[in-house]
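Undergrad: See final15.cif below, with mmCIF, C-alpha atoms.
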```cif
data_work
#
loop_
_atom_site.label_atom_id
_atom_site.label_comp_id
_atom_site.auth_asym_id
_atom_site.auth_seq_id
_atom_site.Cartn_x
_atom_site.Cartn_y
_atom_site.Cartn_z
CA MET A 1 0.00 0.00 0.00
CA ARG A 2 1.18 3.52 -0.77
CA VAL A 3 -0.78 6.64 0.22
CA THR A 4 -0.25 9.19 -2.54
CA SER A 5 -0.27 12.96 -2.46
CA GLY A 6 -2.62 13.13 -5.42
CA THR A 7 -0.52 15.89 -6.97
CA ARG A 8 -0.05 16.31 -10.71
CA GLU A 9 3.27 18.09 -10.24
CA ARG A 10 5.47 17.83 -13.31
CA VAL A 11 8.81 16.34 -12.24
CA ALA A 12 11.99 15.68 -14.20
CA VAL A 13 14.41 13.07 -12.84
CA VAL A 14 17.90 13.38 -14.34
CA GLY A 15 19.80 10.12 -14.09
CA ALA A 16 18.34 6.64 -14.60
CA GLY A 17 20.62 4.59 -12.41
CA ALA A 18 19.02 2.54 -9.66
CA TRP A 19 18.44 5.52 -7.37
CA GLY A 20 17.08 7.87 -10.04
CA THR A 21 14.78 5.14 -11.32
CA ALA A 22 13.49 4.40 -7.82
CA MET A 23 12.81 8.11 -7.22
CA ALA A 24 11.02 8.45 -10.55
CA ASP A 25 8.86 5.40 -9.84
CA LEU A 26 8.03 6.65 -6.32
CA LEU A 27 6.86 10.02 -7.65
CA ALA A 28 4.97 8.55 -10.60
CA SER A 29 3.15 6.21 -8.22
CA SER A 30 2.29 9.23 -6.06
CA GLY A 31 0.44 10.90 -8.94
CA CYS A 32 3.19 13.11 -10.36
CA GLU A 33 3.77 13.53 -14.08
CA VAL A 34 7.35 12.21 -14.23
CA ARG A 35 9.87 12.23 -17.06
CA LEU A 36 13.06 10.31 -16.45
CA TRP A 37 16.22 11.17 -18.39
CA ALA A 38 18.55 8.27 -19.21
CA ARG A 39 21.90 8.53 -20.97
CA GLU A 40 21.88 4.95 -22.23
CA PRO A 41 19.53 4.12 -25.15
CA GLU A 42 19.17 0.58 -23.81
CA VAL A 43 17.73 1.92 -20.55
CA VAL A 44 15.17 3.99 -22.42
CA GLU A 45 14.21 0.95 -24.49
CA SER A 46 14.03 -1.31 -21.46
CA ILE A 47 11.69 0.99 -19.54
CA ARG A 48 9.51 1.82 -22.56
CA ASP A 49 9.17 -1.72 -23.86
CA GLY A 50 9.63 -3.87 -20.80
CA GLY A 51 8.39 -1.72 -17.95
CA GLU A 52 11.60 -2.10 -15.95
CA ASN A 53 15.17 -0.79 -15.86
CA SER A 54 16.89 -4.07 -16.66
CA LEU A 55 20.37 -2.51 -16.57
CA TYR A 56 20.27 -0.93 -13.10
CA LEU A 57 17.11 -2.14 -11.32
CA ASP A 58 16.27 -5.45 -12.91
CA GLY A 59 13.24 -7.38 -11.83
CA VAL A 60 11.42 -4.34 -10.43
CA PRO A 61 8.23 -3.41 -12.34
CA LEU A 62 7.89 0.34 -12.83
CA ASN A 63 4.77 2.50 -12.88
CA ARG A 64 3.42 2.55 -16.42
CA ARG A 65 2.80 6.31 -16.20
CA LEU A 66 6.55 6.89 -15.93
CA ALA A 67 7.89 8.47 -19.13
CA VAL A 68 11.53 8.07 -20.14
CA THR A 69 13.69 9.93 -22.67
CA ASN A 70 17.33 10.47 -23.64
CA SER A 71 16.68 14.14 -24.43
CA LEU A 72 17.55 16.54 -21.61
CA GLY A 73 15.42 19.28 -23.15
CA SER A 74 12.35 17.04 -23.32
CA ALA A 75 12.83 15.75 -19.79
CA LEU A 76 13.26 19.19 -18.22
CA ALA A 77 10.69 21.20 -20.20
CA GLY A 78 8.04 22.67 -17.90
CA ALA A 79 9.26 20.80 -14.81
CA GLY A 80 8.26 22.33 -11.49
CA VAL A 81 10.69 20.04 -9.67
CA VAL A 82 13.98 18.63 -10.97
CA VAL A 83 15.47 15.63 -9.15
CA TRP A 84 19.19 15.21 -9.86
CA ALA A 85 20.44 11.62 -9.46
CA CYS A 86 23.65 11.52 -11.50
CA PRO A 87 27.09 10.42 -10.23
CA VAL A 88 28.82 13.35 -8.55
CA GLN A 89 32.03 13.11 -10.58
CA HIS A 90 30.07 13.61 -13.83
CA SER A 91 27.52 16.11 -12.57
CA ALA A 92 29.27 19.41 -13.31
CA ALA A 93 29.77 18.59 -16.99
CA LEU A 94 26.22 17.34 -17.41
CA LEU A 95 24.79 20.30 -15.51
CA ALA A 96 26.57 22.65 -17.91
CA ASP A 97 24.35 21.16 -20.65
CA ALA A 98 21.21 20.81 -18.56
CA ALA A 99 21.09 24.19 -16.77
CA ARG A 100 19.67 26.07 -19.79
CA PHE A 101 16.69 23.70 -19.87
CA ILE A 102 15.81 23.95 -16.15
CA PRO A 103 12.79 26.27 -15.80
CA PRO A 104 13.63 29.45 -13.81
CA ARG A 105 11.02 28.86 -11.10
CA SER A 106 11.64 25.15 -10.61
CA THR A 107 12.96 23.61 -7.40
CA VAL A 108 16.03 21.42 -7.85
CA VAL A 109 16.53 18.42 -5.56
CA SER A 110 19.99 16.87 -5.38
CA ALA A 111 19.88 13.15 -4.66
CA SER A 112 23.57 12.57 -5.51
CA LYS A 113 26.04 11.73 -2.74
CA GLY A 114 29.73 12.56 -2.95
CA ILE A 115 32.39 15.25 -3.27
CA GLU A 116 33.88 16.30 -6.60
CA VAL A 117 37.50 15.14 -6.49
CA ALA A 118 38.96 17.74 -8.86
CA THR A 119 37.58 20.75 -6.97
CA LEU A 120 36.52 19.38 -3.54
CA ARG A 121 33.05 20.87 -4.12
CA ARG A 122 29.89 19.48 -2.59
CA MET A 123 26.84 19.14 -4.83
CA ASP A 124 25.25 22.30 -3.42
CA GLU A 125 28.39 24.20 -4.41
CA ILE A 126 28.30 22.72 -7.92
CA PHE A 127 24.67 23.77 -8.30
CA ALA A 128 25.36 27.25 -6.91
CA GLU A 129 27.74 27.92 -9.79
CA ALA A 130 25.43 26.57 -12.49
CA LEU A 131 21.98 27.78 -11.42
CA SER A 132 20.47 31.23 -11.00
CA ALA A 133 20.56 32.82 -7.55
CA GLY A 134 16.89 32.01 -7.00
CA GLN A 135 17.27 28.38 -8.04
CA ALA A 136 20.35 27.97 -5.86
CA ARG A 137 18.51 29.45 -2.85
CA ARG A 138 15.67 26.93 -3.29
CA LEU A 139 18.01 23.96 -3.79
CA CYS A 140 17.11 20.90 -1.71
CA VAL A 141 19.29 17.92 -0.80
CA LEU A 142 17.70 14.51 -0.27
CA SER A 143 19.67 11.95 1.73
CA GLY A 144 19.38 9.22 4.34
CA PRO A 145 19.41 5.42 4.65
CA SER A 146 17.69 4.35 1.45
CA PHE A 147 18.71 1.49 -0.82
CA ALA A 148 17.10 2.05 -4.21
CA ARG A 149 15.88 -1.52 -4.58
CA GLU A 150 14.09 -1.43 -1.22
CA VAL A 151 12.46 1.94 -1.99
CA ALA A 152 11.29 0.57 -5.33
CA ALA A 153 9.89 -2.48 -3.51
CA VAL A 154 7.87 -0.07 -1.31
CA MET A 155 9.65 -1.05 1.89
CA PRO A 156 9.30 1.50 4.74
CA THR A 157 12.07 4.11 4.47
CA ALA A 158 12.87 7.39 6.22
CA VAL A 159 15.00 10.15 4.67
CA VAL A 160 15.77 13.82 5.22
CA VAL A 161 15.45 16.79 2.89
CA ALA A 162 17.64 19.83 3.58
CA SER A 163 17.35 23.32 2.18
CA ARG A 164 18.27 26.81 3.29
CA ASP A 165 14.81 27.86 2.13
CA ARG A 166 12.08 26.78 4.54
CA GLU A 167 9.24 26.73 2.02
CA SER A 168 11.26 24.69 -0.47
CA ARG A 169 12.13 21.94 1.99
CA ARG A 170 8.50 21.77 3.11
CA ARG A 171 7.34 21.57 -0.51
CA ILE A 172 9.68 18.70 -1.30
CA GLN A 173 8.79 16.97 1.96
CA ALA A 174 5.13 17.00 0.95
CA LEU A 175 5.93 15.89 -2.61
CA PHE A 176 7.87 12.76 -1.59
CA GLN A 177 5.96 11.78 1.56
CA THR A 178 3.91 8.55 1.44
CA ASP A 179 2.92 5.97 4.04
CA ARG A 180 6.07 3.99 3.10
CA PHE A 181 8.49 6.86 2.44
CA ARG A 182 8.74 9.24 5.40
CA VAL A 183 10.51 12.56 4.92
CA TYR A 184 11.98 14.80 7.63
CA THR A 185 13.29 18.33 7.08
CA ASN A 186 16.57 19.96 8.10
CA PRO A 187 18.05 23.41 7.32
CA ASP A 188 21.64 22.07 7.46
CA VAL A 189 22.51 21.57 3.78
CA VAL A 190 26.25 21.22 4.44
CA GLY A 191 25.78 18.55 7.12
CA VAL A 192 23.32 16.51 5.08
CA GLU A 193 25.63 16.67 2.04
CA LEU A 194 28.69 15.62 4.03
CA GLY A 195 26.91 12.82 5.86
CA GLY A 196 25.79 11.30 2.57
CA ALA A 197 29.25 11.58 1.03
CA LEU A 198 31.57 10.63 3.87
CA LYS A 199 29.71 7.54 5.06
CA ASN A 200 30.73 5.86 1.80
CA VAL A 201 34.39 6.11 2.81
CA ILE A 202 33.73 4.47 6.17
CA ALA A 203 31.61 1.81 4.43
CA LEU A 204 34.60 0.87 2.30
CA GLY A 205 36.57 0.32 5.51
CA ALA A 206 33.75 -1.68 7.09
CA GLY A 207 33.63 -3.84 3.99
CA VAL A 208 37.37 -4.47 4.19
CA ALA A 209 36.96 -5.58 7.81
CA ALA A 210 34.13 -7.91 6.80
CA GLY A 211 36.17 -9.31 3.93
CA LEU A 212 39.00 -10.05 6.34
CA GLU A 213 36.50 -11.69 8.72
CA LEU A 214 37.66 -9.53 11.61
CA GLY A 215 34.37 -9.74 13.47
CA HIS A 216 31.61 -7.42 14.62
CA ASN A 217 33.76 -5.58 17.17
CA THR A 218 36.01 -4.26 14.43
CA VAL A 219 33.14 -3.05 12.25
CA ALA A 220 31.47 -1.35 15.22
CA ALA A 221 34.72 0.43 16.10
CA LEU A 222 35.23 1.59 12.51
CA MET A 223 31.68 2.91 12.30
CA THR A 224 31.85 4.75 15.63
CA ARG A 225 35.25 6.34 15.08
CA GLY A 226 34.31 7.03 11.47
CA LEU A 227 31.26 8.94 12.61
CA ALA A 228 33.48 10.97 14.95
CA GLU A 229 35.67 11.90 11.98
CA ILE A 230 32.67 12.87 9.87
CA GLY A 231 31.48 15.14 12.66
CA ARG A 232 34.88 16.83 13.01
CA LEU A 233 35.11 17.58 9.31
CA GLY A 234 31.49 18.70 9.24
CA GLU A 235 31.99 21.17 12.07
CA ALA A 236 35.08 22.56 10.35
CA LEU A 237 32.90 23.27 7.30
CA GLY A 238 30.09 24.85 9.31
CA ALA A 239 27.73 21.90 9.69
CA SER A 240 25.75 21.08 12.82
CA ARG A 241 26.90 18.11 14.92
CA ALA A 242 23.26 17.18 15.46
CA THR A 243 22.85 16.40 11.77
CA PHE A 244 25.37 13.56 12.01
CA ALA A 245 23.31 11.89 14.73
CA GLY A 246 20.34 11.79 12.36
CA LEU A 247 19.25 10.05 9.18
CA ALA A 248 21.86 11.61 6.88
CA GLY A 249 24.64 10.78 9.35
CA LEU A 250 24.26 7.80 11.67
CA GLY A 251 21.28 6.35 9.77
CA ASP A 252 23.00 6.25 6.38
CA LEU A 253 26.28 5.14 7.96
CA VAL A 254 24.66 2.09 9.60
CA LEU A 255 22.89 1.11 6.38
CA THR A 256 25.91 1.50 4.12
CA CYS A 257 28.36 -0.22 6.48
CA THR A 258 26.17 -3.24 7.21
CA GLY A 259 23.71 -3.70 4.33
CA GLY A 260 24.36 -6.32 1.68
CA LEU A 261 23.06 -4.00 -1.07
CA SER A 262 25.75 -1.40 -0.34
CA ARG A 263 28.03 -0.95 -3.35
CA ASN A 264 30.74 0.68 -1.22
CA ARG A 265 30.71 -2.10 1.37
CA THR A 266 30.85 -4.66 -1.44
CA VAL A 267 33.97 -3.04 -2.90
CA GLY A 268 35.55 -3.10 0.56
CA VAL A 269 34.68 -6.76 1.07
CA ARG A 270 36.42 -7.67 -2.17
CA LEU A 271 39.50 -5.64 -1.19
CA GLY A 272 39.58 -7.46 2.14
CA ARG A 273 39.45 -10.79 0.33
CA GLY A 274 42.45 -9.86 -1.77
CA ASP A 275 41.01 -8.51 -5.03
CA SER A 276 42.73 -5.47 -6.52
CA MET A 277 40.95 -2.22 -7.35
CA GLU A 278 41.68 -2.86 -11.01
CA GLU A 279 39.87 -6.20 -10.87
CA ILE A 280 36.93 -4.71 -8.97
CA MET A 281 36.48 -1.70 -11.23
CA ALA A 282 36.85 -3.74 -14.43
CA GLY A 283 33.63 -5.59 -13.74
CA ALA A 284 31.66 -2.73 -12.17
CA ARG A 285 28.45 -1.61 -13.83
CA THR A 286 27.41 0.88 -11.16
CA VAL A 287 29.41 3.59 -9.41
CA ALA A 288 30.61 3.19 -5.82
CA GLU A 289 30.97 6.89 -5.01
CA GLY A 290 33.26 6.22 -2.06
CA VAL A 291 36.07 5.09 -4.38
CA ALA A 292 36.39 8.66 -5.67
CA THR A 293 35.39 10.32 -2.40
CA VAL A 294 38.32 8.81 -0.46
CA ARG A 295 40.74 11.15 -2.20
CA ALA A 296 38.47 14.18 -1.79
CA VAL A 297 38.10 13.49 1.94
CA ARG A 298 41.86 13.14 2.37
CA ASP A 299 42.44 16.44 0.56
CA LEU A 300 39.71 18.26 2.49
CA ALA A 301 41.05 17.00 5.82
CA ARG A 302 44.54 18.16 4.92
CA ARG A 303 43.28 21.56 3.79
CA LEU A 304 41.32 22.12 7.00
CA GLY A 305 43.78 20.47 9.39
CA VAL A 306 41.21 17.91 10.57
CA GLU A 307 42.46 14.58 11.91
CA MET A 308 40.72 11.68 10.11
CA PRO A 309 42.83 8.54 10.70
CA VAL A 310 40.22 5.96 9.61
CA SER A 311 39.52 7.80 6.36
CA ALA A 312 43.26 8.23 5.77
CA GLU A 313 43.88 4.48 6.04
CA VAL A 314 40.92 3.68 3.80
CA HIS A 315 42.45 6.03 1.22
CA ARG A 316 45.77 4.20 1.47
CA ILE A 317 44.05 0.84 0.92
CA VAL A 318 41.84 1.99 -1.97
CA ALA A 319 44.10 4.45 -3.78
CA GLU A 320 47.61 3.31 -2.86
CA GLY A 321 47.21 -0.45 -2.52
CA LEU A 322 48.25 -0.63 1.15
CA ASP A 323 47.81 -4.05 2.70
CA PRO A 324 44.64 -3.87 4.84
CA MET A 325 46.30 -5.61 7.80
CA GLU A 326 49.02 -2.97 7.82
CA ALA A 327 46.35 -0.26 7.81
CA LEU A 328 44.65 -1.98 10.75
CA HIS A 329 47.95 -2.14 12.65
CA ARG A 330 48.54 1.57 12.06
CA LEU A 331 45.09 2.42 13.45
CA MET A 332 45.33 0.15 16.48
CA THR A 333 48.80 1.35 17.50
CA ARG A 334 48.14 5.07 17.30
CA GLU A 335 48.91 7.11 20.42
CA PRO A 336 46.12 6.48 22.97
CA THR A 337 43.82 9.46 23.42
CA SER A 338 40.51 10.60 24.90
CA GLU A 339 37.30 9.68 23.10
CA HIS A 340 36.21 13.33 23.19
CA PRO A 341 39.40 15.39 23.57
CA ALA A 342 37.68 18.67 22.72
CA ALA A 343 34.97 18.25 25.34
CA PRO A 344 36.43 16.96 28.64
CA VAL A 345 34.00 15.87 31.35
CA ARG A 346 34.49 17.32 34.83
CA GLU A 347 35.44 14.46 37.13
CA ARG A 348 34.39 14.15 40.79
CA GLY A 349 36.80 15.72 43.19
CA SER A 350 38.45 17.84 40.53
#
```
With the file now loaded, output its structure as structure tokens.
TA:
Amino acid sequence: MRVTSGTRERVAVVGAGAWGTAMADLLASSGCEVRLWAREPEVVESIRDGGENSLYLDGVPLNRRLAVTNSLGSALAGAGVVVWACPVQHSAALLADAARFIPPRSTVVSASKGIEVATLRRMDEIFAEALSAGQARRLCVLSGPSFAREVAAVMPTAVVVASRDRESRRRIQALFQTDRFRVYTNPDVVGVELGGALKNVIALGAGVAAGLELGHNTVAALMTRGLAEIGRLGEALGASRATFAGLAGLGDLVLTCTGGLSRNRTVGVRLGRGDSMEEIMAGARTVAEGVATVRAVRDLARRLGVEMPVSAEVHRIVAEGLDPMEALHRLMTREPTSEHPAAPVRERGS
């Protein structure tokens, strides 16, 4: 069962990977007039003729009202809402082509998670340079623990939508909300962006630990200390610590580090079992954003002077080929320290 909003909002979804397809299907099933843009002709053909995205979301029947096209102009024409679901590393170039077709009064929703490696820009920063001032002010970011295949299967899911504009985040909340897809709001765009991007790096590490069969203790430690690192970097960039305790932080981290559908965890598992990055990437159909994000996180941490030891070791494993057991030894033998060195607790008698 899915309670719909009954709206006939015209929505364009740019990007027909698993996540973009799931979002398009959700909105079409909620009564929206949805046009999905796909780069690959075979995806367009699969959805039009077979009623499913056999390349990225095989076996999931899609709403028959969902329209699909490989023309950006056709997809974006007259759209009141534009949902962006393209890989972060390719978004700036594609947005340069798409921006002229985005209607001036539309609300753009970024559903892409990651940091652009070449420039260290978040998605909201990429959009700010490509959109008008009004469009950039209304920009929303959608994030949280949400595997595309489970959303498409109408399994209960909770996410968060962030925007600096109160009315925009409320509008998008109402647009996406159903009885199986619950949406919370948050004004912290930076925190929601970073939570969605940085958890992928920690998920790679958690996957490595799982591949090495190091046990649940190890994964729990990586997740907890990884979340501490995410919070430190977030605060340095002006985000709220509270955001990282929510759906875009802790929620997405738990899902991506433990869920079998996680692409980033899967890459980590294979690394832990001894496969090389070249072998893993050679057979990859979908993008594991964390593979690119590891370098961006390392560079951001260096620029800001933020200590991120877990992320640094994950970078060495993924990008430099460091033996995972050596990375583990480096982490475990670091100088002992306080769990919260910046916030000491007053002890009795002191």
Undergrad: I want to know what sits within 10 Å of Ser132 in chain A, based on all atoms listed in the file, with residues of the same chain fewer than 3 positions away left out; could you give that as a compact mmCIF listing (two decimals) with C-alpha atoms, keeping the file's coordinate frame?
TA:
```
# COMPACT_ATOMS: atom_id res chain seq x y z
CA ALA A 99 21.09 24.19 -16.77
CA PRO A 104 13.63 29.45 -13.81
CA ARG A 105 11.02 28.86 -11.10
CA PHE A 127 24.67 23.77 -8.30
CA ALA A 128 25.36 27.25 -6.91
CA GLU A 129 27.74 27.92 -9.79
CA GLN A 135 17.27 28.38 -8.04
CA ALA A 136 20.35 27.97 -5.86
CA ARG A 137 18.51 29.45 -2.85
```
Undergrad: Would you tabulate, counting all atoms listed in the file, all residues of range 149-218 of chain A that have an atom at most 8 Å from an atom of range 53-77 of chain A, showing the closest pair of atoms and their distance in Å to one decimal, sorted by chain then ascending number, as a tab-separated table?
TA:
```
residue	atom	partner	partner_atom	distance
A:Arg149	CA	A:Leu57	CA	6.9
A:Ala152	CA	A:Val60	CA	7.1
A:Ala153	CA	A:Val60	CA	7.3
```
Undergrad: Filtering to C-alpha atoms, could you give me those residues as a PDB file, in the frame of the given file?
TA:
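Everything below was put into out20.pdb:
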```
ATOM      1  CA  ARG A 149      15.880  -1.520  -4.580  1.00  0.00           C
ATOM      2  CA  ALA A 152      11.290   0.570  -5.330  1.00  0.00           C
ATOM      3  CA  ALA A 153       9.890  -2.480  -3.510  1.00  0.00           C
TER       4      ALA A 153
END
```
Undergrad: Hey, can you check how far CA of Leu300 in chain A sits from CA of Val201 in chain A?
TA: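 For CA of Leu300 in chain A relative to CA of Val201 in chain A, the distance reads 13.3 Å.
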Undergrad: So the first atom is CA of Met277 in chain A and the second is CA of Gly321 in chain A; what is the distance between them in Å, to one decimal place?
TA: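 One can read the CA of Met277 in chain A to CA of Gly321 in chain A distance as 8.1 Å.
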Undergrad: Exactly which residues make up the result of the PyMOL selection byres ((chain A and resi 257) around 12) on this file, given as a ChimeraX atom specification?
TA: /A:145,198-210,216,218-224,226-227,249-256,258-269,290
Undergrad: Could you take the residues named above and write them with C-alpha atoms, as a PDB file, keeping the file's coordinate frame?
TA:
```pdb
ATOM      1  CA  PRO A 145      19.410   5.420   4.650  1.00  0.00           C
ATOM      2  CA  LEU A 198      31.570  10.630   3.870  1.00  0.00           C
ATOM      3  CA  LYS A 199      29.710   7.540   5.060  1.00  0.00           C
ATOM      4  CA  ASN A 200      30.730   5.860   1.800  1.00  0.00           C
ATOM      5  CA  VAL A 201      34.390   6.110   2.810  1.00  0.00           C
ATOM      6  CA  ILE A 202      33.730   4.470   6.170  1.00  0.00           C
ATOM      7  CA  ALA A 203      31.610   1.810   4.430  1.00  0.00           C
ATOM      8  CA  LEU A 204      34.600   0.870   2.300  1.00  0.00           C
ATOM      9  CA  GLY A 205      36.570   0.320   5.510  1.00  0.00           C
ATOM     10  CA  ALA A 206      33.750  -1.680   7.090  1.00  0.00           C
ATOM     11  CA  GLY A 207      33.630  -3.840   3.990  1.00  0.00           C
ATOM     12  CA  VAL A 208      37.370  -4.470   4.190  1.00  0.00           C
ATOM     13  CA  ALA A 209      36.960  -5.580   7.810  1.00  0.00           C
ATOM     14  CA  ALA A 210      34.130  -7.910   6.800  1.00  0.00           C
ATOM     15  CA  HIS A 216      31.610  -7.420  14.620  1.00  0.00           C
ATOM     16  CA  THR A 218      36.010  -4.260  14.430  1.00  0.00           C
ATOM     17  CA  VAL A 219      33.140  -3.050  12.250  1.00  0.00           C
ATOM     18  CA  ALA A 220      31.470  -1.350  15.220  1.00  0.00           C
ATOM     19  CA  ALA A 221      34.720   0.430  16.100  1.00  0.00           C
ATOM     20  CA  LEU A 222      35.230   1.590  12.510  1.00  0.00           C
ATOM     21  CA  MET A 223      31.680   2.910  12.300  1.00  0.00           C
ATOM     22  CA  THR A 224      31.850   4.750  15.630  1.00  0.00           C
ATOM     23  CA  GLY A 226      34.310   7.030  11.470  1.00  0.00           C
ATOM     24  CA  LEU A 227      31.260   8.940  12.610  1.00  0.00           C
ATOM     25  CA  GLY A 249      24.640  10.780   9.350  1.00  0.00           C
ATOM     26  CA  LEU A 250      24.260   7.800  11.670  1.00  0.00           C
ATOM     27  CA  GLY A 251      21.280   6.350   9.770  1.00  0.00           C
ATOM     28  CA  ASP A 252      23.000   6.250   6.380  1.00  0.00           C
ATOM     29  CA  LEU A 253      26.280   5.140   7.960  1.00  0.00           C
ATOM     30  CA  VAL A 254      24.660   2.090   9.600  1.00  0.00           C
ATOM     31  CA  LEU A 255      22.890   1.110   6.380  1.00  0.00           C
ATOM     32  CA  THR A 256      25.910   1.500   4.120  1.00  0.00           C
ATOM     33  CA  THR A 258      26.170  -3.240   7.210  1.00  0.00           C
ATOM     34  CA  GLY A 259      23.710  -3.700   4.330  1.00  0.00           C
ATOM     35  CA  GLY A 260      24.360  -6.320   1.680  1.00  0.00           C
ATOM     36  CA  LEU A 261      23.060  -4.000  -1.070  1.00  0.00           C
ATOM     37  CA  SER A 262      25.750  -1.400  -0.340  1.00  0.00           C
ATOM     38  CA  ARG A 263      28.030  -0.950  -3.350  1.00  0.00           C
ATOM     39  CA  ASN A 264      30.740   0.680  -1.220  1.00  0.00           C
ATOM     40  CA  ARG A 265      30.710  -2.100   1.370  1.00  0.00           C
ATOM     41  CA  THR A 266      30.850  -4.660  -1.440  1.00  0.00           C
ATOM     42  CA  VAL A 267      33.970  -3.040  -2.900  1.00  0.00           C
ATOM     43  CA  GLY A 268      35.550  -3.100   0.560  1.00  0.00           C
ATOM     44  CA  VAL A 269      34.680  -6.760   1.070  1.00  0.00           C
ATOM     45  CA  GLY A 290      33.260   6.220  -2.060  1.00  0.00           C
TER      46      GLY A 290
END
```
Undergrad: For CA of Arg334 in chain A and CA of Thr293 in chain A, quote the distance in Å rounded to one decimal.
TA: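 Interatomic distance here is 24.0 Å.
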Undergrad: Assuming the chain letters and numbering stay as they are in my file, what does the PyMOL selection byres ((chain A and resi 87-95) around 10) actually select? List them as number ranges by chain.
TA: A: 14-15, 17, 72, 84-86, 96-102, 111-118, 121-123, 126-127, 129-131, 197, 286-289, 292-293
Undergrad: Find the residues around Leu142 in chain A up to 7 Å (all atoms listed in the file counted), leave out those fewer than 6 positions away in its own chain, and share them as a ChimeraX atom specification.
TA: /A:109-111,160-162
Undergrad: Mind telling me what the PyMOL selection byres ((chain A and resi 185-187) around 12) catches here, as a PyMOL selection string?
TA: chain A and resi 137-144+158-174+176-177+182-184+188-193+239-240+242-244+246-248
Undergrad: Residues proximal to (13.1, 2.7, -22.1) were defined as those with any atom within 10 Å of that point in the file's coordinates, counting only C-alpha atoms. Which are they, as a list in words?
TA: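 Neighbouring residues, ordered by chain and number, come to Ala16, Leu36, Trp37, Ala38, Glu40, Pro41, Glu42, Val43, Val44, Glu45, Ser46, Ile47, Arg48, Asp49, Gly50, Gly51, Glu52, Asn53, Ser54, Leu66, Ala67, Val68, Thr69 and Asn70 of chain A.
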Undergrad: Limited to C-alpha atoms, could you put the picked residues into a file as a PDB file, in the coordinates of the input?
TA:
```pdb
ATOM      1  CA  ALA A  16      18.340   6.640 -14.600  1.00  0.00           C
ATOM      2  CA  LEU A  36      13.060  10.310 -16.450  1.00  0.00           C
ATOM      3  CA  TRP A  37      16.220  11.170 -18.390  1.00  0.00           C
ATOM      4  CA  ALA A  38      18.550   8.270 -19.210  1.00  0.00           C
ATOM      5  CA  GLU A  40      21.880   4.950 -22.230  1.00  0.00           C
ATOM      6  CA  PRO A  41      19.530   4.120 -25.150  1.00  0.00           C
ATOM      7  CA  GLU A  42      19.170   0.580 -23.810  1.00  0.00           C
ATOM      8  CA  VAL A  43      17.730   1.920 -20.550  1.00  0.00           C
ATOM      9  CA  VAL A  44      15.170   3.990 -22.420  1.00  0.00           C
ATOM     10  CA  GLU A  45      14.210   0.950 -24.490  1.00  0.00           C
ATOM     11  CA  SER A  46      14.030  -1.310 -21.460  1.00  0.00           C
ATOM     12  CA  ILE A  47      11.690   0.990 -19.540  1.00  0.00           C
ATOM     13  CA  ARG A  48       9.510   1.820 -22.560  1.00  0.00           C
ATOM     14  CA  ASP A  49       9.170  -1.720 -23.860  1.00  0.00           C
ATOM     15  CA  GLY A  50       9.630  -3.870 -20.800  1.00  0.00           C
ATOM     16  CA  GLY A  51       8.390  -1.720 -17.950  1.00  0.00           C
ATOM     17  CA  GLU A  52      11.600  -2.100 -15.950  1.00  0.00           C
ATOM     18  CA  ASN A  53      15.170  -0.790 -15.860  1.00  0.00           C
ATOM     19  CA  SER A  54      16.890  -4.070 -16.660  1.00  0.00           C
ATOM     20  CA  LEU A  66       6.550   6.890 -15.930  1.00  0.00           C
ATOM     21  CA  ALA A  67       7.890   8.470 -19.130  1.00  0.00           C
ATOM     22  CA  VAL A  68      11.530   8.070 -20.140  1.00  0.00           C
ATOM     23  CA  THR A  69      13.690   9.930 -22.670  1.00  0.00           C
ATOM     24  CA  ASN A  70      17.330  10.470 -23.640  1.00  0.00           C
TER      25      ASN A  70
END
```
Undergrad: Taking only C-alpha atoms into account, name the residue in A:Leu212, A:Leu27, A:Ala319, A:Leu331 that is nearest to Arg298 in chain A.
TA: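 Of A:Leu212, A:Leu27, A:Ala319, A:Leu331, the one nearest Arg298 in chain A is A:Ala319, counting only C-alpha atoms.
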Undergrad: Nearest residue to Leu26 in chain A out of A:Leu237, A:Thr178, A:Leu120, A:Val83, using only C-alpha atoms?
TA: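 Under the stated criterion, the closest residue is A:Thr178.
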Undergrad: For a quick check of understanding, using only C-alpha atoms, which of A:Glu320, A:Glu339, A:Glu125, A:Glu307 has the smallest distance to Arg232 in chain A?
TA: A:Glu307
Undergrad: Which residue gives the smallest distance to Ala296 in chain A among A:Ser30, A:Ser106, A:Thr119, A:Thr157, with all atoms listed in the file counted?
TA: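 For Ala296 in chain A, the nearest of the candidates is A:Thr119.
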Undergrad: Could you check which of A:Val82, A:Ala284, A:Ala312, A:Ala22 is closest to Phe181 in chain A, using all atoms listed in the file?
TA: A:Ala22
Undergrad: Which of these, A:Val291, A:Arg225, A:Gly272, A:Gly80, has the shortest distance to Met332 in chain A once you count all atoms listed in the file?
TA: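 Under the stated criterion, the closest residue is A:Arg225.
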